[in-house]
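Below: target23.txt (compact mmCIF, C-alpha atoms)
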```
# COMPACT_ATOMS: atom_id res chain seq x y z
CA MET P 57 82.68 247.75 204.93
CA GLU P 58 81.73 250.80 206.95
CA ILE P 59 80.43 250.77 210.52
CA ARG P 60 78.71 253.94 211.64
CA GLU P 61 75.68 255.21 213.49
CA ALA P 62 72.46 254.23 211.79
CA ARG P 63 70.59 256.78 209.69
CA PRO P 64 66.82 257.20 210.01
CA GLU P 65 66.21 256.04 206.45
CA GLU P 66 67.93 252.73 207.38
CA TYR P 67 65.96 251.97 210.54
CA GLU P 68 63.37 249.70 208.95
CA GLU P 69 65.97 247.71 207.01
CA LEU P 70 68.20 247.41 210.08
CA GLY P 71 65.29 246.02 212.09
CA ASP P 72 64.57 243.48 209.37
CA VAL P 73 68.23 242.43 209.21
CA VAL P 74 68.41 241.72 212.95
CA ALA P 75 65.01 239.97 212.95
CA LEU P 76 66.16 237.74 210.06
CA ALA P 77 69.36 236.91 211.94
CA TYR P 78 67.34 235.96 215.03
CA ALA P 79 64.57 234.05 213.21
CA PRO P 80 66.19 230.57 213.43
CA TYR P 81 66.30 230.79 217.23
CA GLY P 82 62.59 231.13 217.95
CA SER P 83 59.18 229.83 217.04
CA SER P 84 56.76 231.70 214.83
CA ASP P 85 53.84 230.50 216.98
CA ASP P 86 55.34 231.76 220.27
CA GLN P 87 53.77 235.11 221.18
CA GLY P 88 56.71 236.04 223.41
CA TRP P 89 59.13 235.45 220.54
CA ILE P 90 56.95 237.41 218.12
CA GLY P 91 56.91 240.28 220.62
CA HIS P 92 60.69 240.13 220.91
CA LEU P 93 61.10 240.31 217.12
CA ASP P 94 58.80 243.34 217.11
CA LEU P 95 61.11 244.97 219.65
CA VAL P 96 64.16 244.05 217.54
CA ARG P 97 62.53 245.70 214.52
CA ASP P 98 61.88 248.96 216.44
CA VAL P 99 65.21 250.56 215.59
CA ALA P 100 63.68 254.06 215.64
CA GLY P 101 62.60 253.53 219.24
CA ARG P 102 66.10 252.42 220.26
CA ALA P 103 67.90 255.12 218.28
CA ALA P 104 65.93 257.77 220.15
CA ARG P 105 67.45 256.52 223.42
CA THR P 106 70.87 255.14 222.60
CA VAL P 107 73.39 254.33 219.84
CA VAL P 108 72.41 251.99 217.01
CA LEU P 109 75.18 251.02 214.62
CA ALA P 110 74.87 250.00 210.99
CA ALA P 111 77.35 247.85 209.08
CA VAL P 112 77.11 248.88 205.43
CA GLU P 113 78.80 247.22 202.49
CA ASP P 114 78.48 248.47 198.92
CA GLY P 115 75.53 250.64 199.98
CA GLN P 116 73.66 247.69 201.54
CA VAL P 117 72.90 247.26 205.25
CA VAL P 118 74.46 243.96 206.32
CA GLY P 119 74.43 244.18 210.12
CA SER P 120 73.55 246.13 213.21
CA ALA P 121 74.34 246.43 216.91
CA THR P 122 72.87 248.56 219.67
CA ILE P 123 74.95 250.00 222.52
CA GLU P 124 73.54 251.06 225.83
CA LEU P 125 76.25 253.59 226.70
CA PHE P 126 74.41 256.11 228.85
CA ASP P 127 70.80 254.88 228.94
CA VAL P 128 68.95 251.60 228.57
CA ILE P 129 66.39 250.80 225.91
CA GLY P 130 64.05 249.71 228.68
CA ASP P 131 63.18 246.09 227.97
CA ASP P 132 65.59 244.32 230.35
CA ASP P 133 67.27 246.64 232.82
CA ARG P 134 65.81 249.82 234.26
CA GLU P 135 69.15 251.64 234.38
CA LEU P 136 72.80 251.08 233.61
CA PRO P 137 74.98 250.20 236.58
CA PRO P 138 77.80 252.73 237.11
CA GLY P 139 80.76 252.03 234.85
CA TRP P 140 78.85 249.64 232.57
CA ALA P 141 77.76 249.64 228.94
CA PHE P 142 75.72 246.86 227.32
CA LEU P 143 75.88 245.38 223.84
CA ARG P 144 72.40 244.65 222.52
CA MET P 145 70.67 243.23 219.48
CA VAL P 146 73.62 242.27 217.30
CA GLY P 147 72.57 240.78 214.00
CA VAL P 148 74.04 240.12 210.57
CA ARG P 149 72.12 239.36 207.38
CA PRO P 150 72.03 235.58 207.04
CA ASP P 151 73.50 235.64 203.51
CA THR P 152 76.52 237.63 204.74
CA GLN P 153 77.24 235.74 207.97
CA GLY P 154 80.66 234.19 208.47
CA ARG P 155 82.55 237.08 206.87
CA GLY P 156 83.59 238.96 210.01
CA ILE P 157 80.76 241.51 210.04
CA GLY P 158 79.59 240.53 213.53
CA ARG P 159 83.16 240.67 214.83
CA ALA P 160 83.67 244.12 213.31
CA LEU P 161 80.45 245.37 214.90
CA VAL P 162 81.41 244.04 218.34
CA GLU P 163 84.94 245.45 218.04
CA ASP P 164 83.45 248.85 217.21
CA VAL P 165 81.18 248.62 220.26
CA ILE P 166 84.16 247.73 222.46
CA ALA P 167 86.08 250.76 221.15
CA ARG P 168 83.10 253.06 221.77
CA ALA P 169 82.61 251.74 225.31
CA ARG P 170 86.30 252.28 226.05
CA ALA P 171 86.16 255.79 224.58
CA ALA P 172 83.21 256.49 226.91
CA ARG P 173 85.47 255.36 229.78
CA LYS P 174 83.28 252.41 230.74
CA ARG P 175 84.86 249.77 233.00
CA TRP P 176 82.70 246.85 231.85
CA LEU P 177 80.83 245.85 228.71
CA GLY P 178 78.05 243.36 229.31
CA LEU P 179 75.71 241.43 227.06
CA ARG P 180 73.07 238.74 227.18
CA THR P 181 72.51 236.03 224.60
CA THR P 182 70.38 232.92 224.28
CA PRO P 183 71.87 229.47 224.90
CA GLN P 184 71.04 228.55 221.28
CA MET P 185 73.27 231.25 219.76
CA GLU P 186 76.45 229.19 220.04
CA ALA P 187 78.27 230.97 217.20
CA ALA P 188 77.74 234.25 219.06
CA HIS P 189 79.15 232.70 222.25
CA ARG P 190 82.31 231.70 220.37
CA LEU P 191 82.64 235.20 218.91
CA TYR P 192 82.23 236.91 222.28
CA GLU P 193 84.65 234.55 224.01
CA SER P 194 87.24 235.04 221.24
CA LEU P 195 87.08 238.79 221.98
CA GLY P 196 87.70 238.27 225.71
CA PHE P 197 84.16 238.16 227.11
CA VAL P 198 83.63 235.73 229.99
CA ARG P 199 80.43 234.17 231.26
CA ASP P 200 78.92 236.08 234.16
CA ALA P 201 75.93 234.31 235.69
CA SER P 202 75.10 237.43 237.71
CA LEU P 203 73.98 238.98 234.40
CA ASP P 204 71.75 236.04 233.42
CA ASP P 205 68.08 236.77 232.83
CA PRO P 206 65.98 233.64 233.43
CA LEU P 207 63.00 234.06 231.14
CA GLU P 208 60.25 231.53 230.44
CA GLY P 209 60.92 228.44 228.36
CA ASP P 210 63.94 228.23 226.07
CA TYR P 211 64.58 231.96 225.92
CA SER P 212 66.59 232.48 229.07
CA LEU P 213 69.48 234.83 228.53
CA LEU P 214 73.09 234.08 229.43
CA GLY P 215 75.22 236.98 230.65
CA TYR P 216 78.74 237.81 229.50
CA ARG P 217 81.07 240.63 230.48
CA LEU P 218 84.26 242.15 229.17
CA ASP P 219 86.72 243.99 231.39
CA LEU P 220 87.57 247.21 229.55
CA SER P 221 90.22 248.41 231.99
CA GLY P 222 93.09 246.69 230.16
CA ALA P 223 94.80 247.74 226.93
```
Turn this file's structure into structure tokens for me.
Amino acid sequence: MEIREARPEEYEELGDVVALAYAPYGSSDDQGWIGHLDLVRDVAGRAARTVVLAAVEDGQVVGSATIELFDVIGDDDRELPPGWAFLRMVGVRPDTQGRGIGRALVEDVIARARAARKRWLGLRTTPQMEAAHRLYESLGFVRDASLDDPLEGDYSLLGYRLDLSGA
């Protein structure tokens, strides 16, 4: 498997992959959720502002992650706090989940944030994404309620952070 920056010809497929990964966590009749999936699918819009990664296996896109290294994509925060990077919109094709693709994407993001000399890597996830919580915690992320984003209904976001100053 190769992890690299996304190519323009992959943007649509990458958006679909992440939207498919997120689909079980929302309701198709919730306009806020539908709007969020539209944002997830807008890889071209994100790639114009920040780094979007593609996980590719045998020529097929199997996962994606977005990194706010120097700028935000503009839907949550207005600017990055000094010394911070944020992991955003991680998703793996449902039929390839459980094979370490998500872990490889997050490890690549951690390496890129360290290379950019960031002190902290933050992320937000929904309470329902328990497998993601286990992955993040296994990589050293800790819950940080100061990063929480209390949205309406069941879609509140839980904040996590990773201290990048060590090893």
Would you mind listing, for every residue of stretch 106-161 of chain P within 8 Å of stretch 58-61 of chain P, the two atoms forming the shortest contact and the distance between them in Å to one decimal, using only C-alpha atoms, sorted by chain and ascending residue number, as a tab-separated table?
```
residue	atom	partner	partner_atom	distance
P:Val107	CA	P:Glu61	CA	6.8
P:Val108	CA	P:Glu61	CA	5.8
P:Leu109	CA	P:Glu61	CA	4.4
P:Ala110	CA	P:Arg60	CA	5.5
P:Ala111	CA	P:Ile59	CA	4.5
P:Val112	CA	P:Glu58	CA	5.2
P:Glu113	CA	P:Glu58	CA	6.4
P:Ala160	CA	P:Ile59	CA	7.9
P:Leu161	CA	P:Ile59	CA	7.0
```
File dump, residues just selected, C-alpha atoms, as a PDB file, in the frame of the given file:
```pdb
ATOM      1  CA  VAL P 107      73.390 254.330 219.840  1.00  0.00           C
ATOM      2  CA  VAL P 108      72.410 251.990 217.010  1.00  0.00           C
ATOM      3  CA  LEU P 109      75.180 251.020 214.620  1.00  0.00           C
ATOM      4  CA  ALA P 110      74.870 250.000 210.990  1.00  0.00           C
ATOM      5  CA  ALA P 111      77.350 247.850 209.080  1.00  0.00           C
ATOM      6  CA  VAL P 112      77.110 248.880 205.430  1.00  0.00           C
ATOM      7  CA  GLU P 113      78.800 247.220 202.490  1.00  0.00           C
ATOM      8  CA  ALA P 160      83.670 244.120 213.310  1.00  0.00           C
ATOM      9  CA  LEU P 161      80.450 245.370 214.900  1.00  0.00           C
TER      10      LEU P 161
END
```
message: Env of P:Ile123: 6 Å cut, atoms = all atoms listed in the file, seq-sep filter 4 positions within chain, self excluded. Answer as a ChimeraX atom specification.
response: /P:107,142-144
- request: May I ask for the distance between atom CA of P:Pro138 and atom CA of P:Leu125, given in Å to one decimal place?
  value: 10.6 Å
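Among the candidates P:Phe126, P:Trp176, P:Tyr67, P:Tyr78, the residue lying nearest to P:Ala100 is P:Tyr67 (atoms considered: all atoms listed in the file).
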Residue nearest P:Leu220 among P:Val99, P:Ile166, P:Val146, P:Leu76 (counting only C-alpha atoms): P:Ile166
- prompt: Of the candidates P:Glu193, P:Glu124, P:Asp98, P:Asp85, which shows the shortest atom-to-atom distance to P:Ala172, using only C-alpha atoms?
  reply: P:Glu124
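For the set P:Gly71, P:Met185, P:Leu177, P:Thr122, the residue with the smallest atom-to-atom gap to P:Ser221 is P:Leu177, counting only C-alpha atoms.
When all atoms listed in the file are used to compute distances to P:Ala169, the closest of the residues P:Pro80, P:Gly139, P:Gly91, P:Gly154 turns out to be P:Gly139.
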query: For P:Thr181, which residue among P:Leu213, P:Asp164, P:Asp204, P:Gln153 is the nearest when counting all atoms listed in the file?
result: P:Leu213
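Between atom CA of P:Arg170 and atom CA of P:Arg97 the interatomic distance comes to 27.2 Å.
Atom CA of P:Ala121 is positioned 12.1 Å from atom CA of P:Arg149.
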- prompt: Near P:Val148, counting all atoms listed in the file, which residues have an atom at most 8 Å away, once you skip same-chain residues fewer than 6 positions from it, shown as number ranges by chain?
  reply: P: 73-74, 77, 118-120, 157-158
